[in-house]
$ cat model_39.cif   # mmCIF, C-alpha atoms
data_query
loop_
_atom_site.label_atom_id
_atom_site.label_comp_id
_atom_site.auth_asym_id
_atom_site.auth_seq_id
_atom_site.Cartn_x
_atom_site.Cartn_y
_atom_site.Cartn_z
CA MET Z 262 -10.82 20.03 -6.50
CA ALA Z 263 -9.78 17.32 -4.07
CA GLU Z 264 -12.00 16.64 -1.09
CA VAL Z 265 -10.39 17.54 2.22
CA LYS Z 266 -10.27 14.63 4.66
CA LYS Z 267 -10.54 15.16 8.39
CA LYS Z 268 -7.79 13.57 10.44
CA GLY Z 269 -8.73 10.07 11.60
CA VAL Z 270 -12.00 9.99 9.63
CA SER Z 271 -12.58 6.85 7.61
CA THR Z 272 -13.65 7.00 3.98
CA LYS Z 273 -15.16 4.23 1.91
CA ARG Z 274 -11.73 3.47 0.44
CA ALA Z 275 -9.37 0.78 1.65
CA PHE Z 276 -6.12 -0.72 0.46
CA ILE Z 277 -4.61 -4.20 0.19
CA PHE Z 278 -0.91 -4.95 -0.17
CA PHE Z 279 -0.13 -7.82 -2.53
CA ASN Z 280 3.01 -9.83 -3.07
CA CYS Z 281 3.16 -10.39 -6.81
CA ASP Z 282 5.37 -11.18 -9.77
CA GLU Z 283 7.70 -8.66 -11.38
CA ASN Z 284 5.02 -7.63 -13.90
CA LYS Z 285 2.41 -7.09 -11.16
CA SER Z 286 -0.02 -9.35 -12.99
CA GLU Z 287 -3.38 -9.73 -11.29
CA GLN Z 288 -3.06 -13.51 -11.54
CA SER Z 289 -0.07 -13.35 -9.17
CA MET Z 290 -1.98 -11.35 -6.53
CA ASN Z 291 -3.49 -13.92 -4.18
CA ILE Z 292 -6.29 -12.59 -1.96
CA PHE Z 293 -6.04 -15.73 0.19
CA TYR Z 294 -2.39 -14.95 1.01
CA ASN Z 295 -2.66 -11.15 1.18
CA HIS Z 296 -6.01 -10.68 2.88
CA ILE Z 297 -5.49 -7.77 5.30
CA VAL Z 298 -7.50 -4.69 4.40
CA TYR Z 299 -6.12 -1.31 5.45
CA LYS Z 300 -8.74 1.42 5.82
CA ASP Z 301 -8.08 4.91 4.57
CA THR Z 302 -7.20 6.25 8.02
CA GLN Z 303 -3.96 7.55 9.41
CA ALA Z 304 -3.60 4.59 11.80
CA SER Z 305 -4.23 1.99 9.07
CA ARG Z 306 -1.82 3.68 6.69
CA LYS Z 307 0.87 3.47 9.37
CA LEU Z 308 0.12 -0.26 9.66
CA LEU Z 309 0.36 -0.59 5.87
CA TRP Z 310 3.74 1.17 5.95
CA SER Z 311 4.85 -1.24 8.69
CA LYS Z 312 3.77 -4.19 6.51
CA ILE Z 313 5.78 -2.81 3.57
CA GLN Z 314 8.85 -2.38 5.77
CA ASN Z 315 8.52 -5.96 7.04
CA GLU Z 316 8.14 -7.36 3.53
CA ARG Z 317 11.29 -5.46 2.48
CA THR Z 318 13.24 -6.64 5.54
CA GLU Z 319 12.24 -10.24 4.78
CA ASN Z 320 13.40 -9.75 1.14
CA ARG Z 321 9.94 -10.51 -0.27
CA ILE Z 322 9.79 -7.14 -2.06
CA ASN Z 323 12.44 -4.75 -3.32
CA ILE Z 324 12.50 -0.99 -2.90
CA ALA Z 325 15.60 0.95 -3.87
CA ASP Z 326 17.14 2.79 -0.91
CA GLU Z 327 16.76 6.13 -2.71
CA ASN Z 328 13.00 5.52 -3.13
CA LEU Z 329 12.26 4.46 0.44
CA ALA Z 330 11.37 7.93 1.77
CA GLU Z 331 9.08 8.56 -1.21
CA VAL Z 332 7.31 5.21 -0.73
CA LYS Z 333 6.73 6.08 2.94
CA ARG Z 334 5.37 9.51 2.00
CA LEU Z 335 3.03 8.07 -0.64
CA ILE Z 336 1.66 5.50 1.80
CA THR Z 337 1.36 7.63 4.93
CA GLU Z 338 0.69 11.12 3.58
CA ASP Z 339 -0.44 11.10 -0.06
CA ASP Z 340 -4.05 10.82 -1.19
CA ASP Z 341 -3.24 7.77 -3.33
CA PRO Z 342 -0.92 5.19 -1.71
CA THR Z 343 -1.31 2.93 -4.75
CA GLN Z 344 1.25 5.19 -6.48
CA ALA Z 345 3.92 3.61 -4.27
CA SER Z 346 3.49 0.39 -6.27
CA ALA Z 347 5.50 1.90 -9.13
CA LEU Z 348 8.52 2.10 -6.80
CA MET Z 349 8.24 -1.52 -5.59
CA GLN Z 350 9.40 -4.74 -7.19
CA PHE Z 351 7.37 -7.88 -6.36
CA GLY Z 352 4.79 -5.85 -4.42
CA ALA Z 353 1.73 -3.74 -5.18
CA ILE Z 354 -0.93 -1.78 -3.32
CA LYS Z 355 -4.45 -1.92 -4.72
CA GLU Z 356 -7.43 0.21 -3.74
CA ILE Z 357 -10.81 -1.34 -3.00
CA ASP Z 358 -14.16 0.18 -2.13
CA CYS Z 359 -15.77 -0.65 1.20
CA LEU Z 360 -19.51 -0.75 1.63
#
$ encode --input "model_39.cif" --output "structure tokens"
Amino acid sequence: MAEVKKKGVSTKRAFIFFNCDENKSEQSMNIFYNHIVYKDTQASRKLLWSKIQNERTENRINIADENLAEVKRLITEDDDPTQASALMQFGAIKEIDCL
């Protein structure tokens, strides 16, 4: 059973958005270029969604128009925003643990 999160309460999870190659190889994900960590909070997820929108507007990643609402939902509402990576080309969201 999934653990219920309280609104606005931080967990030990965080997420990083990476620009990457089409295959999403780890070698193409540069932590020195993509170094912003988004905590697992509602406010940080909104910032992550804003970053994704900006990357799309600047043509650095591709998201099909018909997938845009689902990507937003996965990032802002779902328990696992990394699932949005499957709907992105040249971009990926990875989960990290925070101490």
$ residues_around --input "model_39.cif" --residues "segment 286-302 of chain Z" --least-positions-apart "2" --cutoff "9 Å" --atoms "all atoms listed in the file" --output "list in words"
Lys268, Gly269, Val270, Ser271, Thr272, Lys273, Arg274, Ala275, Phe276, Ile277, Phe278, Phe279, Asn280, Cys281, Asp282, Glu283, Asn284, Ala304, Ser305, Arg306, Lys307, Leu308, Leu309, Gly352, Ala353, Ile357 and Cys359 of chain Z
$ atom_distance --input "model_39.cif" --atom1 "atom CA of Arg321 of chain Z" --atom2 "atom CA of Asp340 of chain Z"
25.5 Å
$ axis_aligned_box --input "model_39.cif" --around "segment 344-357 of chain Z" --padding-each-side "3 Å" --output "lines of an AutoDock Vina configuration file"
center_x = -0.7
center_y = -1.3
center_z = -6.1
size_x = 26.2
size_y = 19.1
size_z = 12.1
$ closest_residue --input "model_39.cif" --among "Z:Ile336, Z:Pro342, Z:Glu316, Z:Ser311" --to "Lys355 of chain Z" --atoms "only C-alpha atoms"
Z:Pro342
$ atom_distance --input "model_39.cif" --atom1 "atom CA of Leu360 of chain Z" --atom2 "atom CA of Val332 of chain Z"
27.6 Å
$ atom_distance --input "model_39.cif" --atom1 "atom CA of Thr343 of chain Z" --atom2 "atom CA of Glu356 of chain Z"
6.8 Å
$ resolve_selection --input "model_39.cif" --expression "the PyMOL selection byres ((chain Z and resi 333) around 12)" --output "NGL selection string"
:Z and (306-314 or 324 or 326-332 or 334-339 or 341-346 or 348-349)
